[in-house]
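Here is target.cif, consisting of mmCIF, C-alpha atoms:
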```cif
data_coords
#
loop_
_atom_site.group_PDB
_atom_site.id
_atom_site.type_symbol
_atom_site.label_atom_id
_atom_site.label_comp_id
_atom_site.auth_asym_id
_atom_site.auth_seq_id
_atom_site.Cartn_x
_atom_site.Cartn_y
_atom_site.Cartn_z
ATOM 1 C CA MET V 1 171.230 -44.431 -31.957
ATOM 2 C CA ASP V 2 172.358 -45.066 -28.421
ATOM 3 C CA GLN V 3 170.829 -47.937 -26.499
ATOM 4 C CA PRO V 4 167.889 -46.982 -24.259
ATOM 5 C CA ILE V 5 169.013 -46.318 -20.708
ATOM 6 C CA ASP V 6 166.650 -48.867 -19.152
ATOM 7 C CA LEU V 7 167.792 -51.808 -21.317
ATOM 8 C CA ALA V 8 171.157 -53.455 -20.935
ATOM 9 C CA THR V 9 171.200 -54.482 -24.590
ATOM 10 C CA PHE V 10 168.979 -55.564 -27.425
ATOM 11 C CA ASP V 11 168.857 -59.212 -28.443
ATOM 12 C CA GLU V 12 171.377 -60.197 -31.052
ATOM 13 C CA ALA V 13 170.080 -61.155 -34.488
ATOM 14 C CA PRO V 14 170.015 -64.915 -35.019
ATOM 15 C CA PRO V 15 172.657 -66.303 -37.376
ATOM 16 C CA GLY V 16 171.626 -65.387 -40.896
ATOM 17 C CA GLY V 17 168.969 -63.057 -39.458
ATOM 18 C CA ARG V 18 168.710 -59.356 -39.850
ATOM 19 C CA ILE V 19 168.347 -56.373 -37.563
ATOM 20 C CA TRP V 20 165.533 -53.970 -38.457
ATOM 21 C CA ARG V 21 165.892 -50.248 -37.818
ATOM 22 C CA VAL V 22 162.476 -48.727 -37.227
ATOM 23 C CA ALA V 23 161.520 -45.203 -36.166
ATOM 24 C CA HIS V 24 158.071 -44.995 -34.563
ATOM 25 C CA LEU V 25 156.380 -41.598 -34.367
ATOM 26 C CA SER V 26 153.059 -41.260 -32.616
ATOM 27 C CA ASP V 27 150.518 -38.528 -31.912
ATOM 28 C CA LEU V 28 152.228 -35.689 -33.770
ATOM 29 C CA HIS V 29 149.101 -33.468 -33.626
ATOM 30 C CA VAL V 30 150.173 -31.174 -36.468
ATOM 31 C CA VAL V 31 148.207 -27.926 -36.442
ATOM 32 C CA GLY V 32 147.243 -25.788 -39.450
ATOM 33 C CA GLU V 33 147.824 -22.156 -38.558
ATOM 34 C CA ARG V 34 149.969 -21.435 -41.604
ATOM 35 C CA TYR V 35 147.150 -22.264 -44.022
ATOM 36 C CA GLY V 36 144.147 -21.019 -42.143
ATOM 37 C CA PHE V 37 142.407 -19.984 -38.965
ATOM 38 C CA ARG V 38 141.964 -22.370 -36.035
ATOM 39 C CA ILE V 39 139.866 -21.775 -32.961
ATOM 40 C CA GLU V 40 141.909 -24.106 -30.765
ATOM 41 C CA SER V 41 145.657 -23.642 -30.553
ATOM 42 C CA GLY V 42 146.424 -27.258 -29.658
ATOM 43 C CA ARG V 43 148.501 -28.400 -26.748
ATOM 44 C CA GLY V 44 151.801 -27.061 -28.091
ATOM 45 C CA GLY V 45 150.203 -24.317 -30.143
ATOM 46 C CA PRO V 46 151.882 -23.292 -33.362
ATOM 47 C CA ARG V 47 155.258 -24.312 -31.967
ATOM 48 C CA GLY V 48 154.148 -27.939 -32.378
ATOM 49 C CA ASN V 49 154.768 -27.907 -36.119
ATOM 50 C CA GLU V 50 158.322 -26.681 -35.617
ATOM 51 C CA ARG V 51 158.937 -29.682 -33.370
ATOM 52 C CA VAL V 52 157.735 -31.977 -36.155
ATOM 53 C CA ALA V 53 160.058 -30.209 -38.609
ATOM 54 C CA ARG V 54 163.027 -30.694 -36.243
ATOM 55 C CA LEU V 55 162.065 -34.332 -35.723
ATOM 56 C CA MET V 56 161.905 -35.021 -39.460
ATOM 57 C CA ALA V 57 165.282 -33.321 -40.002
ATOM 58 C CA ARG V 58 166.806 -35.440 -37.226
ATOM 59 C CA LEU V 59 165.362 -38.633 -38.712
ATOM 60 C CA ALA V 60 166.743 -37.688 -42.127
ATOM 61 C CA SER V 61 170.164 -37.149 -40.553
ATOM 62 C CA ILE V 62 170.050 -40.524 -38.810
ATOM 63 C CA ASP V 63 168.859 -42.218 -42.004
ATOM 64 C CA ALA V 64 171.688 -40.644 -44.013
ATOM 65 C CA THR V 65 174.365 -42.227 -41.811
ATOM 66 C CA ASP V 66 172.648 -45.495 -40.857
ATOM 67 C CA PRO V 67 169.559 -46.128 -43.031
ATOM 68 C CA LEU V 68 166.231 -46.879 -41.408
ATOM 69 C CA ASP V 69 164.142 -49.782 -42.666
ATOM 70 C CA HIS V 70 160.791 -48.254 -41.800
ATOM 71 C CA VAL V 71 159.266 -45.102 -40.383
ATOM 72 C CA LEU V 72 155.917 -45.786 -38.718
ATOM 73 C CA VAL V 73 153.551 -42.936 -37.967
ATOM 74 C CA THR V 74 150.637 -43.859 -35.720
ATOM 75 C CA GLY V 75 148.123 -42.083 -33.538
ATOM 76 C CA ASP V 76 146.859 -38.596 -34.323
ATOM 77 C CA MET V 77 148.899 -37.157 -37.178
ATOM 78 C CA THR V 78 146.838 -33.956 -37.120
ATOM 79 C CA ASP V 79 145.187 -32.179 -34.235
ATOM 80 C CA ALA V 80 141.628 -31.991 -35.580
ATOM 81 C CA GLY V 81 141.800 -33.675 -38.995
ATOM 82 C CA ARG V 82 141.312 -30.411 -40.892
ATOM 83 C CA ALA V 83 142.538 -30.054 -44.466
ATOM 84 C CA THR V 84 144.967 -27.308 -43.417
ATOM 85 C CA GLU V 85 146.532 -29.645 -40.864
ATOM 86 C CA TRP V 86 146.906 -32.442 -43.404
ATOM 87 C CA ALA V 87 148.560 -29.924 -45.747
ATOM 88 C CA GLU V 88 151.035 -29.046 -42.975
ATOM 89 C CA PHE V 89 151.710 -32.740 -42.265
ATOM 90 C CA LEU V 90 152.275 -33.519 -45.955
ATOM 91 C CA ASP V 91 154.529 -30.467 -46.310
ATOM 92 C CA ALA V 92 156.609 -31.623 -43.334
ATOM 93 C CA ILE V 93 157.184 -35.103 -44.707
ATOM 94 C CA SER V 94 157.729 -33.912 -48.283
ATOM 95 C CA GLN V 95 160.784 -31.946 -47.099
ATOM 96 C CA HIS V 96 162.591 -35.277 -46.590
ATOM 97 C CA PRO V 97 161.997 -37.461 -49.661
ATOM 98 C CA ASN V 98 164.991 -39.595 -48.723
ATOM 99 C CA LEU V 99 162.861 -41.089 -45.917
ATOM 100 C CA ALA V 100 160.308 -42.345 -48.454
ATOM 101 C CA HIS V 101 162.281 -45.567 -48.889
ATOM 102 C CA ALA V 102 161.980 -46.352 -45.173
#
```

Now that the file is in, can you turn its structure into structure tokens?
Amino acid sequence: MDQPIDLATFDEAPPGGRIWRVAHLSDLHVVGERYGFRIESGRGGPRGNERVARLMARLASIDATDPLDHVLVTGDMTDAGRATEWAEFLDAISQHPNLAHA
């Protein structure tokens, strides 16, 4: 990926060291409309899950050309912790088994 705009460069790896490639995802707030009824629509509503799907596809594309070492997912993975939301989250990540190594 391109260097962040606000950093001139990353530190070089020390001799004999290694550079780690890590993707950090946080606060995805997957919602569960596909599998059941929800009272709240969430901040992004049902479009939020499509964003997660696009994100996972993009990560898979990046990983295919320059493998990631780890993918960290932190924060709220689901919006309300409902079973339907966890099913949506697990469906989204299962579409990209090649990221399981990362």

**Request:** Just say which residues the PyMOL selection byres ((chain V and resi 21) around 6) picks in this file, as a list of chain:residue names.
**Result:**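 Against this file, the PyMOL selection byres ((chain V and resi 21) around 6) returns the residues V:Trp20, V:Val22, V:Leu68, V:Asp69.
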
Output file for the residues above (C-alpha atoms, as a compact mmCIF listing (two decimals), keeping the file's coordinate frame):
```txt
# COMPACT_ATOMS: atom_id res chain seq x y z
CA TRP V 20 165.53 -53.97 -38.46
CA VAL V 22 162.48 -48.73 -37.23
CA LEU V 68 166.23 -46.88 -41.41
CA ASP V 69 164.14 -49.78 -42.67
```

**Prompt:** What is the distance between atom CA of Ser61 of chain V and atom CA of Glu88 of chain V, in Å to one decimal?
**Reply:** 20.9 Å

**Prompt:** What residues come out when you apply the PyMOL selection byres ((chain V and resi 24-28) around 8) to this file, written as an MDAnalysis selection string?
**Reply:** chainID V and resid 22:23 29:30 52 71:79

**Item:** Answer key for the PyMOL selection byres ((chain V and resi 64) around 12), residues as an NGL selection string
**Value:** :V and (57-63 or 65-69 or 96-99 or 101-102)

**Prompt:** atom CA of Arg18 of chain V and atom CA of Ile93 of chain V are how many Å apart?
**Reply:** 27.3 Å

Once 3 Å is added on each side, what centre and edge lengths in Å to one decimal does the axis-aligned box around all listed atoms of segment 97-100 of chain V have, as lines of an AutoDock Vina configuration file?
```
center_x = 162.6
center_y = -39.9
center_z = -47.8
size_x = 10.7
size_y = 10.9
size_z = 9.7
```

**Message:** Report, in Å with one decimal, the straight-line distance from atom CA of Val31 of chain V to atom CA of His70 of chain V.
**Reply:** 24.5 Å

**Message:** When you count only C-alpha atoms, which of these residues is closest to Ala80 of chain V: V:Ser94, V:Met56, V:Ala100, V:Glu33?
**Reply:**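 Result for the nearest residue to Ala80 of chain V: V:Glu33.
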